[in-house]
Structure formats: C-alpha cells, structure tokens
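Peer 1: My file is work-v9.txt. It has compact mmCIF, C-alpha atoms and all ligand atoms:
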```
# COMPACT_ATOMS: atom_id res chain seq x y z
CA MET I 16 0.00 0.00 0.00
CA ILE I 17 1.30 3.44 -0.90
CA ALA I 18 0.83 6.00 1.87
CA LEU I 19 -0.77 9.24 0.80
CA GLU I 20 1.38 12.24 1.47
CA LEU I 21 -0.64 14.98 3.11
CA LEU I 22 1.66 17.84 2.16
CA LEU I 23 -0.67 20.77 2.79
CA ALA I 24 -2.18 19.30 5.97
CA ASN I 25 1.26 18.79 7.48
CA LYS I 26 2.32 22.31 6.53
CA ILE I 27 -0.76 23.63 8.34
CA LEU I 28 0.04 21.51 11.36
CA ASN I 29 3.46 23.16 11.59
CA ASN I 30 2.30 26.68 10.75
CA THR I 31 3.06 29.18 13.51
CA THR I 32 -0.27 31.00 13.25
CA TYR I 33 -2.17 27.70 13.31
CA ARG I 34 -0.29 26.44 16.35
CA ARG I 35 -0.80 29.74 18.18
CA GLU I 36 -4.57 29.69 17.58
CA MET I 37 -4.94 26.03 18.51
CA ASP I 38 -2.88 26.55 21.68
CA ALA I 39 -5.03 29.54 22.65
CA LEU I 40 -8.17 27.53 21.96
CA ARG I 41 -6.96 24.59 24.03
CA THR I 42 -6.19 26.86 26.96
CA SER I 43 -9.51 28.67 26.71
CA GLU I 44 -11.52 25.43 26.53
CA GLN I 45 -9.78 23.72 29.45
CA GLY I 46 -12.76 24.00 31.78
CA ARG I 47 -15.41 23.55 29.08
CA ILE I 48 -18.03 20.88 29.85
CA PHE I 49 -19.17 20.67 26.22
CA CYS I 50 -17.25 19.36 23.19
CA ARG I 51 -13.81 20.84 22.71
CA HIS I 52 -12.31 21.82 19.39
CA ASP I 53 -8.92 20.23 19.66
CA ILE I 54 -6.67 18.44 17.21
CA GLU I 55 -8.32 15.08 17.98
CA HIS I 56 -11.68 16.49 16.88
CA CYS I 57 -10.13 17.90 13.69
CA LEU I 58 -8.52 14.57 12.80
CA SER I 59 -11.73 12.67 13.54
CA VAL I 60 -13.60 14.96 11.16
CA ALA I 61 -11.03 14.30 8.42
CA ARG I 62 -11.05 10.53 8.90
CA ILE I 63 -14.83 10.21 9.11
CA ALA I 64 -15.32 12.50 6.08
CA MET I 65 -12.94 10.32 4.04
CA LEU I 66 -14.75 7.14 5.15
CA LEU I 67 -18.16 8.61 4.30
CA CYS I 68 -16.91 9.70 0.88
CA MET I 69 -15.56 6.22 0.18
CA GLU I 70 -18.82 4.67 1.31
CA HIS I 71 -20.86 6.93 -0.97
CA GLY I 72 -18.46 6.86 -3.90
CA ILE I 73 -17.76 10.58 -3.68
CA PRO I 74 -14.35 11.62 -5.04
CA ALA I 75 -12.39 13.44 -2.35
CA ASP I 76 -8.84 14.73 -2.29
CA ALA I 77 -7.45 13.62 1.07
CA ASP I 78 -5.07 16.58 1.48
CA THR I 79 -7.92 19.05 0.87
CA VAL I 80 -10.22 17.23 3.31
CA TYR I 81 -7.54 17.02 6.01
CA ALA I 82 -6.57 20.68 5.51
CA ALA I 83 -10.23 21.75 5.81
CA ALA I 84 -10.72 19.59 8.89
CA LEU I 85 -7.66 21.07 10.59
CA LEU I 86 -8.95 24.57 9.91
CA HIS I 87 -12.71 24.19 10.25
CA ASP I 88 -12.94 25.40 13.86
CA ILE I 89 -10.04 27.86 13.71
CA GLY I 90 -12.46 30.79 14.20
CA ARG I 91 -13.61 29.49 17.61
CA MET I 92 -11.38 31.84 19.61
CA ALA I 93 -12.74 34.79 17.65
CA GLU I 94 -16.30 33.53 18.23
CA TYR I 95 -15.67 33.36 21.98
CA THR I 96 -14.30 36.91 21.89
CA ASN I 97 -16.69 38.71 19.55
CA GLY I 98 -19.69 36.43 19.07
CA ILE I 99 -19.30 36.09 15.29
CA PRO I 100 -20.09 32.51 14.14
CA HIS I 101 -16.77 30.72 13.87
CA GLN I 102 -17.14 29.56 10.25
CA ILE I 103 -17.27 33.28 9.35
CA ALA I 104 -14.84 34.53 12.01
CA GLY I 105 -12.27 31.95 10.88
CA LYS I 106 -12.41 32.71 7.17
CA GLN I 107 -9.63 35.32 7.10
CA LEU I 108 -7.49 33.36 9.50
CA ALA I 109 -7.83 30.21 7.38
CA ALA I 110 -6.99 32.21 4.24
CA ALA I 111 -3.87 33.67 5.86
CA ILE I 112 -2.67 30.25 7.05
CA LEU I 113 -3.37 28.64 3.67
CA THR I 114 -1.50 31.41 1.85
CA GLU I 115 1.44 31.05 4.24
CA CYS I 116 1.43 27.32 3.46
CA GLY I 117 1.55 28.00 -0.30
CA CYS I 118 -1.95 26.65 -1.02
CA PRO I 119 -3.12 27.62 -4.54
CA PRO I 120 -6.30 29.75 -4.86
CA ARG I 121 -8.48 26.98 -6.32
CA GLN I 122 -7.69 24.61 -3.45
CA GLN I 123 -8.21 27.46 -0.98
CA ASP I 124 -11.74 27.90 -2.40
CA ALA I 125 -12.48 24.19 -2.00
CA ILE I 126 -11.24 24.30 1.61
CA GLN I 127 -13.22 27.45 2.42
CA ASN I 128 -16.36 25.75 1.01
CA LEU I 129 -15.87 22.81 3.33
CA ILE I 130 -15.29 25.06 6.32
CA ALA I 131 -18.54 26.92 5.55
CA ALA I 132 -20.37 23.61 4.97
CA HIS I 133 -19.58 22.23 8.41
CA ARG I 134 -22.26 24.51 9.87
CA GLN I 135 -24.78 24.13 7.07
CA PRO I 136 -26.23 20.79 5.93
CA GLU I 137 -26.63 20.59 2.17
CA GLY I 138 -29.11 17.75 2.04
CA THR I 139 -27.56 16.27 -1.08
CA ILE I 140 -24.96 13.54 -1.28
CA SER I 141 -21.84 15.62 -1.75
CA LEU I 142 -18.41 16.10 -0.27
CA GLU I 143 -19.71 19.15 1.61
CA GLN I 144 -22.54 17.11 3.15
CA MET I 145 -20.14 14.34 4.17
CA PHE I 146 -17.93 16.95 5.83
CA TYR I 147 -20.93 18.36 7.71
CA LEU I 148 -21.90 14.86 8.87
CA ALA I 149 -18.33 14.00 9.83
CA ASP I 150 -18.23 17.04 12.11
CA LYS I 151 -21.34 15.74 13.92
CA ARG I 152 -20.38 12.03 13.88
CA SER I 153 -17.04 12.88 15.46
CA ARG I 154 -18.92 13.69 18.68
CA SER I 155 -19.88 10.98 21.17
CA CYS I 156 -23.12 12.61 22.39
CA PHE I 157 -24.34 9.20 23.61
CA ALA I 158 -21.64 9.23 26.28
CA CYS I 159 -21.59 12.95 27.07
CA PRO I 160 -22.24 13.99 30.68
CA ALA I 161 -23.26 17.49 29.49
CA GLN I 162 -26.09 16.25 27.22
CA GLY I 163 -28.80 17.90 29.33
CA ALA I 164 -27.24 21.36 29.03
CA CYS I 165 -26.17 21.12 25.36
CA ASN I 166 -27.95 23.39 22.88
CA TRP I 167 -27.51 21.07 19.86
CA GLU I 168 -30.75 20.03 18.18
CA ASN I 169 -31.53 16.30 18.42
CA GLU I 170 -30.88 15.67 14.71
CA LYS I 171 -27.31 16.90 15.06
CA ARG I 172 -26.50 14.64 17.99
CA THR I 173 -24.72 11.35 17.59
CA MET I 174 -26.77 9.11 19.88
CA LYS I 175 -25.54 5.74 18.65
CA ILE I 176 -22.48 4.27 16.99
CA GLU I 177 -22.93 4.28 13.24
CA VAL I 178 -20.88 2.83 10.41
FE FE P 201 -17.45 24.08 14.25
FE FE P 202 -16.04 20.92 14.54
```
How does this structure look as structure tokens?
Ligand SMILES: [Fe+2]
Ligand SMILES: [Fe+2]
Peer 2:
Amino acid sequence: MIALELLLANKILNNTTYRREMDALRTSEQGRIFCRHDIEHCLSVARIAMLLCMEHGIPADADTVYAAALLHDIGRMAEYTNGIPHQIAGKQLAAAILTECGCPPRQQDAIQNLIAAHRQPEGTISLEQMFYLADKRSRSCFACPAQGACNWENEKRTMKIEV
C-alpha cells in the first residue's frame, strides 16, 4: 500500500499562526463541559469524512479534506471573543494560514467551502454534506455527561455508533 502524502495538511500543522490559535483555543476550553475543538476532533472529522466519501463513492482529495478539517474550527477563539459565528470569524485566519502554506487559490476555495459547509447541511450527497456529517459524527453525544445542558438540536447529535 502506498501512503498518501498529506503535504498541505502537514504544513498547516506546523504553521506558527495555526499552532498559536490552537494553543489559545486549548487553553480557553480547558474547563469547558461541552465538546472541545482540539486536534483530535479535527482529525476525527477528516477521517470520518474520508470514510463517508468512500462509502458513498464521492471523489475526495485527502489533502484538501484534512486541511479543511484542521482549519474548520479555527475561528472558535474569535467567536468566543466577539460572538461572530466561527465559520465566518475563521475565514480570514484560514486564508492567511493557507496562503502562508503556499496553497493555490483553487484549493483554498475548496477548503473554504468545506469550512462553511460544516455549519450548514446541504441535504444532497456531496463532499460538503459528508464533511458536515463528519463534524457531527465525530462527537460521542451518547456518552456525554453534558447532554442535558447542550444546545444542539436532536438531529445533530450522535446518539448511537454508526458505520
Ligand atoms: Fe465548528
Ligand atoms: Fe467541529
């Protein structure tokens, strides 16, 4: 088996701005009783999105999916500070990181689409919809002690293990 090289995703992982934001987010969410937005969540989103795409026969470029997953919650710190939804608050930050990582404009557009899609279900079988679902399926709501206080609608919650 030939391993896929995730060139862009690994550049993002080592990007100074990315690391700074993720460190700040980790510190700020330390006492959070609800889901956190850490690197484990990002990687789960990428892996589940790739599995869902395979299952549904949707072509997906792994590096683009992993890059989008790493960046999809990057606006969380800004949301905590100024109340702007994080898929919007993170747009400029994601663009700056992607540019620093040498990501070409067309791939940046595809990544920004996925970041936007993670908050908005499409309803059609598409890469964007799989990314949206992966973000929800990465959460173990069925085992969450904060279920009663969570503001997620029931249809978003992952209440059983699914394949
Ligand atoms: Fe999010
Ligand atoms: Fe997320």
Peer 1: Listing only residues of chain I within 7 Å of ligand FE 201 (chain P), what is the closest atom pair and its distance in Å (to one decimal) for each, using only C-alpha atoms and all ligand atoms, sorted by chain and residue number ascending, as a tab-separated table?
Peer 2:
```
residue	atom	partner	partner_atom	distance
I:His87	CA	P:FE201	FE	6.2
I:Asp88	CA	P:FE201	FE	4.7
I:His101	CA	P:FE201	FE	6.7
I:Gln102	CA	P:FE201	FE	6.8
I:His133	CA	P:FE201	FE	6.5
I:Arg134	CA	P:FE201	FE	6.5
```
Peer 1: Can you work out which residues are within 9 Å of ligand FE 202 (chain P), considering all atoms listed in the file, and then hand them over as a list in words?
Peer 2: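 These are the residues that qualify: Cys50, Arg51, His52, Asp53, His56, Cys57, Val60, Ala84, His87, Asp88, His133, Arg134, Tyr147, Ala149, Asp150, Lys151, Ser153 and Arg154 of chain I.
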Peer 1: What's around region 168-171 of chain I at 9 Å? Count only C-alpha atoms, leave out sequence neighbours fewer than 3 positions away in its own chain, and write the answer as a ChimeraX atom specification.
Peer 2: /I:148,151-152,165,174
Peer 1: Identify which of the residues I:Val80, I:Cys118, I:Ala131, I:Ile73 lies closest to Ala104 (chain I), counting all atoms listed in the file when measuring atom-to-atom distances.
Peer 2: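 So, comparing all the options, the nearest one is I:Ala131.
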Peer 1: Restricting the calculation to all atoms listed in the file: of I:Arg41, I:Arg34, I:Arg172, I:Lys26, which residue gets closest to Met92 (chain I)?
Peer 2: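 Among the listed residues, the smallest separation from Met92 (chain I) belongs to I:Arg41.
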Peer 1: Quick one: distance from CA of Leu23 (chain I) to CA of Glu143 (chain I) in Å, one decimal?
Peer 2: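 That distance, rounded to one decimal, is 19.1 Å.
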Peer 1: Quick check, in Å to one decimal: how far apart do CA of Ala111 (chain I) and CA of Phe146 (chain I) lie?
Peer 2: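 Pair CA of Ala111 (chain I) / CA of Phe146 (chain I) returns 21.8 Å.
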Peer 1: Which residue out of I:Ile27, I:Met145, I:Gln162, I:Ile130 has the minimum interatomic distance to Pro100 (chain I) when all atoms listed in the file are used?
Peer 2: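 Selected residue with least distance to Pro100 (chain I): I:Ile130.
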